[in-house]
file coords-v4.cif (mmCIF, C-alpha atoms and all ligand atoms)
data_query
#
loop_
_atom_site.label_atom_id
_atom_site.label_comp_id
_atom_site.auth_asym_id
_atom_site.auth_seq_id
_atom_site.Cartn_x
_atom_site.Cartn_y
_atom_site.Cartn_z
CA MET A 1397 162.02 131.63 -8.72
CA ASN A 1398 158.75 129.73 -8.17
CA TYR A 1399 160.10 128.49 -4.93
CA THR A 1400 160.86 132.06 -3.86
CA ILE A 1401 157.35 133.26 -4.83
CA GLU A 1402 155.80 130.34 -2.97
CA LYS A 1403 157.98 131.15 0.02
CA MET A 1404 156.98 134.84 -0.18
CA GLU A 1405 153.31 133.90 -0.44
CA LYS A 1406 153.64 131.59 2.56
CA SER A 1407 155.44 134.30 4.46
CA ASN A 1408 152.68 136.78 3.45
CA ILE A 1409 149.97 134.42 4.71
CA LEU A 1410 151.92 133.96 7.93
CA LEU A 1411 152.27 137.71 8.33
CA LYS A 1412 148.54 138.24 7.66
CA THR A 1413 147.66 135.54 10.20
CA LYS A 1414 149.98 137.14 12.75
CA LEU A 1415 148.44 140.56 12.08
CA TYR A 1416 144.96 139.08 12.40
CA TYR A 1417 145.73 137.58 15.82
CA LEU A 1418 147.50 140.77 16.87
CA HIS A 1419 144.37 142.71 15.87
CA ILE A 1420 142.16 140.36 17.96
CA LEU A 1421 144.55 140.70 20.90
CA VAL A 1422 144.45 144.51 20.69
CA ILE A 1423 140.62 144.43 20.67
CA ILE A 1424 140.50 142.07 23.68
CA PHE A 1425 143.05 144.18 25.57
CA ALA A 1426 141.24 147.46 24.79
CA SER A 1427 137.82 146.06 25.82
CA THR A 1428 139.21 144.67 29.08
CA PHE A 1429 140.91 148.00 29.84
CA LEU A 1430 137.69 149.87 29.10
CA LEU A 1431 135.67 147.54 31.30
CA ILE A 1432 138.10 147.84 34.20
CA THR A 1433 138.38 151.62 34.01
CA THR A 1434 134.60 152.14 33.63
CA GLY A 1435 134.07 149.81 36.57
CA CYS A 1436 136.57 151.78 38.65
CA GLU A 1437 134.91 155.02 37.67
CA ASN A 1438 131.56 153.66 38.79
CA VAL A 1439 133.03 152.48 42.08
CA LYS A 1440 134.68 155.88 42.51
CA LYS A 1441 131.38 157.59 41.72
CA GLU A 1442 129.56 155.32 44.20
CA LYS A 1443 132.12 156.10 46.90
CA LYS A 1444 131.87 159.81 46.15
CA LYS A 1445 128.08 159.59 46.31
CA GLU A 1446 128.29 157.90 49.70
CA LYS A 1447 130.28 160.81 51.08
CA GLU A 1448 127.92 163.45 49.77
CA ILE A 1449 124.56 164.38 51.19
CA ILE A 1450 122.02 162.48 49.16
CA VAL A 1451 119.67 164.93 47.57
CA LYS A 1452 116.07 164.77 48.76
CA THR A 1453 113.81 162.89 46.47
CA ASP A 1454 111.19 165.00 44.76
CA THR A 1455 108.58 162.28 45.07
CA LEU A 1456 107.69 163.78 48.43
CA THR A 1457 107.27 167.27 47.17
CA GLN A 1458 105.97 166.70 43.69
CA VAL A 1459 104.79 169.89 42.03
CA LYS A 1460 101.43 169.82 40.30
CA GLN A 1461 101.29 171.15 36.76
CA ASN A 1462 100.89 174.94 36.53
CA ASP A 1463 101.54 175.30 40.27
CA THR A 1464 103.87 178.27 40.56
CA SER A 1465 103.61 178.67 44.34
CA VAL A 1466 106.74 178.44 46.48
CA ASN A 1467 106.95 177.48 50.16
CA ILE A 1468 109.70 179.09 52.20
CA TYR A 1469 110.69 177.75 55.62
CA LEU A 1470 112.63 180.31 57.66
CA THR A 1471 114.44 178.38 60.39
CA PHE A 1472 116.46 179.96 63.20
CA ASP A 1473 118.97 177.81 65.09
CA ASP A 1474 120.92 177.86 68.34
CA GLY A 1475 118.64 180.08 70.44
CA PRO A 1476 117.48 181.37 72.77
CA TYR A 1477 120.02 184.14 72.49
CA LEU A 1478 120.45 187.82 73.39
CA SER A 1479 119.28 188.84 69.93
CA THR A 1480 116.28 186.48 69.77
CA LEU A 1481 113.59 188.96 70.90
CA ALA A 1482 114.68 191.73 68.50
CA LEU A 1483 114.77 189.12 65.75
CA ALA A 1484 111.28 187.94 66.75
CA ASN A 1485 110.00 191.54 66.55
CA THR A 1486 111.29 191.85 62.99
CA LEU A 1487 109.57 188.59 62.03
CA ILE A 1488 106.33 189.80 63.69
CA LYS A 1489 106.58 193.07 61.74
CA GLU A 1490 107.02 191.08 58.53
CA ASN A 1491 104.24 188.71 59.63
CA VAL A 1492 106.09 185.56 58.55
CA LYS A 1493 105.74 182.14 60.14
CA SER A 1494 109.12 181.07 61.49
CA SER A 1495 110.62 177.96 63.06
CA PHE A 1496 113.03 178.13 65.99
CA PHE A 1497 115.34 175.16 66.58
CA VAL A 1498 116.17 175.52 70.23
CA ILE A 1499 119.04 174.23 72.39
CA GLY A 1500 118.03 173.12 75.90
CA SER A 1501 121.35 174.03 77.51
CA GLN A 1502 120.78 177.60 76.24
CA ILE A 1503 117.34 177.71 77.88
CA THR A 1504 118.91 176.68 81.19
CA ALA A 1505 121.87 179.09 80.85
CA SER A 1506 119.98 181.96 82.51
CA THR A 1507 116.51 183.02 83.65
CA TYR A 1508 116.58 185.63 80.88
CA TYR A 1509 117.10 182.97 78.20
CA ASP A 1510 114.36 180.92 79.78
CA SER A 1511 111.94 183.88 79.53
CA VAL A 1512 113.02 184.52 75.90
CA PHE A 1513 112.20 180.90 75.09
CA ASN A 1514 108.76 181.20 76.71
CA THR A 1515 108.01 184.42 74.80
CA ILE A 1516 108.82 182.71 71.49
CA LYS A 1517 106.87 179.59 72.42
CA LYS A 1518 103.73 181.60 73.28
CA ASN A 1519 103.68 183.57 70.01
CA ALA A 1520 101.26 182.11 67.46
CA LEU A 1521 103.54 183.07 64.57
CA PHE A 1522 106.38 180.87 65.82
CA LYS A 1523 106.96 177.21 66.47
CA THR A 1524 109.82 175.71 68.43
CA TYR A 1525 111.63 172.49 67.57
CA ASN A 1526 114.43 170.34 68.92
CA HIS A 1527 118.08 171.16 68.26
CA THR A 1528 119.38 168.76 70.99
CA PHE A 1529 120.14 169.67 74.58
CA SER A 1530 123.93 169.98 74.32
CA HIS A 1531 124.32 171.00 70.65
CA ALA A 1532 127.15 168.45 70.54
CA VAL A 1533 129.31 170.73 72.71
CA THR A 1534 130.96 171.99 69.54
CA HIS A 1535 134.54 173.34 69.29
CA GLY A 1536 135.77 170.41 67.21
CA ARG A 1537 133.98 167.71 69.19
CA ILE A 1538 131.17 167.24 66.72
CA GLU A 1539 132.76 164.23 64.95
CA LYS A 1540 133.13 162.41 68.27
CA TYR A 1541 129.55 163.29 69.22
CA TYR A 1542 128.18 161.35 66.26
CA GLN A 1543 130.32 158.29 67.02
CA TYR A 1544 127.97 157.51 69.92
CA PRO A 1545 124.45 157.37 68.44
CA VAL A 1546 122.84 156.27 71.74
CA ASN A 1547 124.18 159.43 73.40
CA VAL A 1548 122.92 161.60 70.53
CA TRP A 1549 119.48 160.04 70.85
CA ASN A 1550 119.52 160.66 74.63
CA ASP A 1551 120.53 164.26 73.95
CA ILE A 1552 117.48 164.63 71.69
CA ILE A 1553 115.15 163.04 74.28
CA LYS A 1554 116.58 165.22 77.05
CA ASN A 1555 115.83 168.35 75.04
CA LYS A 1556 112.19 167.32 74.55
CA GLN A 1557 111.65 167.85 78.29
CA TYR A 1558 112.94 171.41 78.07
CA LEU A 1559 110.90 172.18 74.97
CA ASP A 1560 107.88 170.67 76.70
CA SER A 1561 106.69 169.47 73.34
CA GLN A 1562 105.39 166.28 71.75
CA CYS A 1563 106.81 167.37 68.41
CA ASN A 1564 109.19 164.83 66.92
CA ILE A 1565 111.08 167.12 64.55
CA THR A 1566 114.77 167.61 65.26
CA ARG A 1567 117.53 169.45 63.51
CA LEU A 1568 120.89 167.85 64.17
CA PRO A 1569 123.76 170.12 65.20
CA GLY A 1570 126.52 170.66 62.67
CA THR A 1571 125.20 168.41 59.93
CA ASN A 1572 122.58 168.69 57.22
CA ALA A 1573 120.44 165.56 57.47
CA TRP A 1574 116.86 164.62 56.61
CA ARG A 1575 114.73 161.80 57.93
CA PHE A 1576 111.18 161.73 56.64
CA GLN A 1577 108.08 160.02 57.91
CA ASP A 1578 107.99 157.56 55.03
CA SER A 1579 111.44 156.10 55.71
CA ILE A 1580 113.24 158.33 53.25
CA LYS A 1581 116.56 159.37 54.68
CA CYS A 1582 119.20 161.73 53.40
CA TYR A 1583 122.31 162.04 55.44
CA CYS A 1584 126.01 162.60 55.28
CA ASN A 1585 128.61 160.42 56.97
CA LYS A 1586 128.31 162.17 60.33
CA SER A 1587 124.72 161.15 60.96
CA LYS A 1588 124.94 157.66 59.39
CA LEU A 1589 125.35 155.75 62.68
CA LEU A 1590 122.55 157.71 64.32
CA PHE A 1591 120.17 157.00 61.46
CA LYS A 1592 121.01 153.28 61.63
CA TYR A 1593 120.35 153.35 65.36
CA LEU A 1594 117.02 155.16 64.93
CA ASP A 1595 116.00 152.43 62.48
CA THR A 1596 116.86 149.67 64.95
CA ILE A 1597 114.77 151.25 67.73
CA HIS A 1598 111.95 152.01 65.23
CA SER A 1599 112.08 155.68 66.19
CA ASN A 1600 109.63 158.00 64.47
CA GLU A 1601 111.88 161.04 65.05
CA LEU A 1602 112.07 163.19 61.93
CA MET A 1603 115.17 165.17 60.96
CA PHE A 1604 114.92 168.54 59.31
CA GLY A 1605 117.80 169.72 57.14
CA TRP A 1606 118.10 172.83 54.99
CA ASP A 1607 118.66 174.03 51.43
CA PHE A 1608 120.33 177.43 51.89
CA GLU A 1609 122.31 178.98 54.70
CA TRP A 1610 122.44 182.67 55.65
CA THR A 1611 126.09 182.57 56.68
CA GLY A 1612 126.36 185.90 58.48
CA LYS A 1613 128.01 187.87 55.69
CA GLU A 1614 124.46 188.71 54.62
CA SER A 1615 123.87 190.27 58.06
CA ARG A 1616 126.55 192.85 57.24
CA SER A 1617 126.11 193.55 53.54
CA ILE A 1618 122.89 194.27 51.66
CA THR A 1619 124.65 193.47 48.36
CA LEU A 1620 125.30 189.97 49.68
CA VAL A 1621 121.60 189.69 50.59
CA ASP A 1622 120.88 190.37 46.90
CA HIS A 1623 123.38 187.64 45.90
CA PHE A 1624 121.87 185.23 48.41
CA TYR A 1625 118.37 185.89 47.09
CA GLU A 1626 119.56 185.52 43.46
CA LYS A 1627 121.03 182.11 44.31
CA ILE A 1628 117.74 181.00 45.83
CA SER A 1629 115.55 182.37 43.03
CA LYS A 1630 117.78 180.73 40.43
CA ARG A 1631 117.32 177.35 42.14
CA ILE A 1632 113.57 177.96 42.38
CA GLU A 1633 113.45 178.80 38.67
CA ASP A 1634 115.61 175.79 37.66
CA ASN A 1635 113.58 173.35 39.76
CA LYS A 1636 110.13 174.81 39.36
CA SER A 1637 108.65 171.65 37.85
CA LYS A 1638 110.13 169.42 40.57
CA GLU A 1639 110.37 171.28 43.87
CA LYS A 1640 108.43 174.03 45.63
CA ASN A 1641 109.75 173.76 49.20
CA TYR A 1642 112.90 175.60 50.26
CA VAL A 1643 114.35 175.64 53.75
CA ILE A 1644 116.59 178.50 54.80
CA LEU A 1645 118.89 178.11 57.76
CA LEU A 1646 119.66 181.22 59.81
CA HIS A 1647 121.01 181.64 63.36
CA ASP A 1648 119.58 183.87 66.12
CA TYR A 1649 123.04 185.23 66.98
CA LEU A 1650 123.51 186.64 63.46
CA PHE A 1651 120.92 189.38 64.13
CA LYS A 1652 122.64 191.39 66.83
CA ASN A 1653 122.19 194.88 65.36
CA GLU A 1654 119.95 197.12 63.27
CA VAL A 1655 121.87 196.50 60.05
CA ALA A 1656 121.41 192.74 60.34
CA LEU A 1657 117.71 193.10 61.20
CA ASN A 1658 117.13 195.53 58.31
CA ASN A 1659 118.92 193.13 55.97
CA LEU A 1660 116.62 190.35 57.14
CA SER A 1661 113.54 192.53 56.47
CA TYR A 1662 114.93 193.32 53.03
CA PHE A 1663 115.51 189.60 52.35
CA ILE A 1664 111.94 188.76 53.38
CA SER A 1665 110.62 191.55 51.11
CA LEU A 1666 112.54 189.99 48.19
CA LEU A 1667 111.03 186.59 48.96
CA LYS A 1668 107.56 188.15 49.11
CA LYS A 1669 108.11 189.86 45.74
CA ASN A 1670 106.95 186.69 44.03
CA GLY A 1671 103.27 186.95 44.99
CA ASN A 1672 103.06 183.15 45.26
CA THR A 1673 105.44 182.74 48.18
CA GLU A 1674 104.06 181.22 51.35
CA PHE A 1675 106.00 181.10 54.61
CA LYS A 1676 105.54 177.84 56.48
CA TRP A 1677 106.60 176.02 59.64
CA ALA A 1678 108.86 172.97 59.65
CA ASN A 1679 105.97 170.64 60.54
CA GLU A 1680 104.14 171.73 57.36
CA TYR A 1681 106.94 170.37 55.17
CA PRO A 1682 105.82 167.32 53.15
CA GLY A 1683 106.75 164.13 55.01
CA MET A 1684 107.33 165.99 58.30
CA GLN A 1685 103.80 165.87 59.69
ZN ZN B 1701 123.18 174.66 65.63
#
call {"tool": "encode", "arguments": {"input": "coords-v4.cif", "output": "structure tokens", "more": "lines below"}}
Ligand SMILES: [Zn+2]
result
Amino acid sequence: MNYTIEKMEKSNILLKTKLYYLHILVIIFASTFLLITTGCENVKKEKKKEKEIIVKTDTLTQVKQNDTSVNIYLTFDDGPYLSTLALANTLIKENVKSSFFVIGSQITASTYYDSVFNTIKKNALFKTYNHTFSHAVTHGRIEKYYQYPVNVWNDIIKNKQYLDSQCNITRLPGTNAWRFQDSIKCYCNKSKLLFKYLDTIHSNELMFGWDFEWTGKESRSITLVDHFYEKISKRIEDNKSKEKNYVILLHDYLFKNEVALNNLSYFISLLKKNGNTEFKWANEYPGMQ
């Protein structure tokens, strides 16, 4: 009997010891698993971050306390175009500073386009900036364009001659990228090689991206202009303590008719509704001087 009890006790101790070690093993296994998976998640997050456009830092555009003013940068790409002068008249009527990102190959396309460019350039309300000479000869070739950063840089330099300008602000075709004066860069994969190259040649070229894009649907529907404005004002409201500069990308060719031009006037009137809105040129953006 005693022998059996002793044996049972021994077996109990053995079982407890086994359970104890099993418990330790489970803890070690669970911690290792957790470490590995968290690590993987972080790596995944890092990789995802790499692919995305890195959001501009707000250190450049810090908002002072109680400052409720908002700076809007209306930027028009891909001109000169057939609709550029009518568009310019609307902007003159609204009396808003506007930035035109011009393509050199468009200027050279006809004497008419050349005269349109000169009209814009002479107007004190407008400023012209670089949008490369070739505009990457789009139609699916944009990825290839960015594989040769030296060629992209030459395309930018070539356009400077047509713009006849010392300004070093460029908007890259087909990609939203920022390169500020104080070495802060925000880019997506497309422009990565170019940015590396610009660093190696110590280029002081600045790249101007955008925050919102007027896609063209807004040119046709006033309801969509309301939605577009709501999206912008929501962002302004959400970020009011951090950011006061908002760049809007539009294209000259999206203002071909009266409806589109009226919708643009309406959009500008919505932006003006907040009495603290100021319209500015690209070179007035913090870090772009
Ligand atoms: Zn463009």
call {"tool": "closest_atom_pairs", "arguments": {"input": "coords-v4.cif", "of": "chain A", "to": "ligand ZN 1701 (chain B)", "cutoff": "7 Å", "atoms": "all atoms listed in the file", "output": "Markdown table"}}
result
| residue | atom | partner | partner_atom | distance |
| --- | --- | --- | --- | --- |
| A:Asp1473 | CA | B:ZN1701 | ZN | 5.3 |
| A:Asp1474 | CA | B:ZN1701 | ZN | 4.8 |
| A:His1527 | CA | B:ZN1701 | ZN | 6.7 |
| A:His1531 | CA | B:ZN1701 | ZN | 6.3 |
| A:Pro1569 | CA | B:ZN1701 | ZN | 4.6 |
| A:Gly1570 | CA | B:ZN1701 | ZN | 6.0 |
call {"tool": "closest_residue", "arguments": {"input": "coords-v4.cif", "among": "A:Ile1468, A:Val1643, A:Ser1494, A:Ala1484", "to": "Lys1668 of chain A", "atoms": "all atoms listed in the file"}}
result
A:Ile1468
call {"tool": "residues_around", "arguments": {"input": "coords-v4.cif", "residues": "Trp1610 of chain A", "least_positions_apart": "5", "cutoff": "8 Å", "atoms": "only C-alpha atoms", "output": "list in words"}}
result
Phe1624, Ile1644, Leu1645, Leu1646 and His1647 of chain A
call {"tool": "atom_distance", "arguments": {"input": "coords-v4.cif", "atom1": "atom CA of Phe1576 of chain A", "atom2": "atom CA of Leu1483 of chain A"}}
result
29.1 Å
call {"tool": "atom_distance", "arguments": {"input": "coords-v4.cif", "atom1": "atom CA of Trp1549 of chain A", "atom2": "atom CA of Tyr1593 of chain A"}}
result
8.7 Å
call {"tool": "residues_around", "arguments": {"input": "coords-v4.cif", "residues": "Leu1487 of chain A", "least_positions_apart": "6", "cutoff": "9 Å", "atoms": "only C-alpha atoms", "output": "list of chain:residue names"}}
result
A:Lys1493, A:Ser1494, A:Leu1521, A:Leu1660, A:Ser1661, A:Ile1664
call {"tool": "closest_residue", "arguments": {"input": "coords-v4.cif", "among": "A:Phe1675, A:Tyr1649, A:Tyr1681, A:Phe1496", "to": "Ala1482 of chain A", "atoms": "all atoms listed in the file"}}
result
A:Tyr1649
call {"tool": "closest_residue", "arguments": {"input": "coords-v4.cif", "among": "A:Asp1463, A:Val1548, A:Leu1559, A:Glu1490", "to": "Tyr1662 of chain A", "atoms": "all atoms listed in the file"}}
result
A:Glu1490
call {"tool": "atom_distance", "arguments": {"input": "coords-v4.cif", "atom1": "atom CA of Lys1630 of chain A", "atom2": "atom CA of Gln1577 of chain A"}}
result
28.8 Å
call {"tool": "closest_residue", "arguments": {"input": "coords-v4.cif", "among": "A:Ile1597, A:Leu1481, A:Val1655, A:Leu1568", "to": "Cys1584 of chain A", "atoms": "all atoms listed in the file"}}
result
A:Leu1568
call {"tool": "residues_around", "arguments": {"input": "coords-v4.cif", "residues": "Tyr1625 of chain A", "least_positions_apart": "6", "cutoff": "9 Å", "atoms": "all atoms listed in the file", "output": "list in words"}}
result
Phe1663, Leu1666 and Leu1667 of chain A
call {"tool": "residues_around", "arguments": {"input": "coords-v4.cif", "residues": "segment 1626-1628 of chain A", "least_positions_apart": "4", "cutoff": "10 Å", "atoms": "all atoms listed in the file", "output": "list in words"}}
result
Asp1607, Phe1608, Leu1620, Val1621, Asp1622, Ile1632, Glu1633, Asp1634, Tyr1642, Ile1644, Leu1666 and Leu1667 of chain A
call {"tool": "residues_near_point", "arguments": {"input": "coords-v4.cif", "point": "(105.4, 179.9, 41.7)", "cutoff": "10 Å", "atoms": "all atoms listed in the file", "output": "ChimeraX atom specification"}}
result
/A:1462-1467,1632-1633,1636-1637,1640,1670-1674
call {"tool": "closest_residue", "arguments": {"input": "coords-v4.cif", "among": "A:Tyr1508, A:Ser1629, A:Leu1470, A:Asn1519", "to": "Lys1669 of chain A", "atoms": "all atoms listed in the file"}}
result
A:Ser1629
call {"tool": "axis_aligned_box", "arguments": {"input": "coords-v4.cif", "around": "segment 1633-1652 of chain A", "padding_each_side": "3 Å", "output": "JSON"}}
result
{"center_x": 116.0, "center_y": 180.4, "center_z": 52.3, "size_x": 21.1, "size_y": 28.0, "size_z": 35.3}
call {"tool": "closest_residue", "arguments": {"input": "coords-v4.cif", "among": "A:Thr1566, A:Thr1471, A:Thr1480, A:Ser1530", "to": "Ser1495 of chain A", "atoms": "only C-alpha atoms"}}
result
A:Thr1471
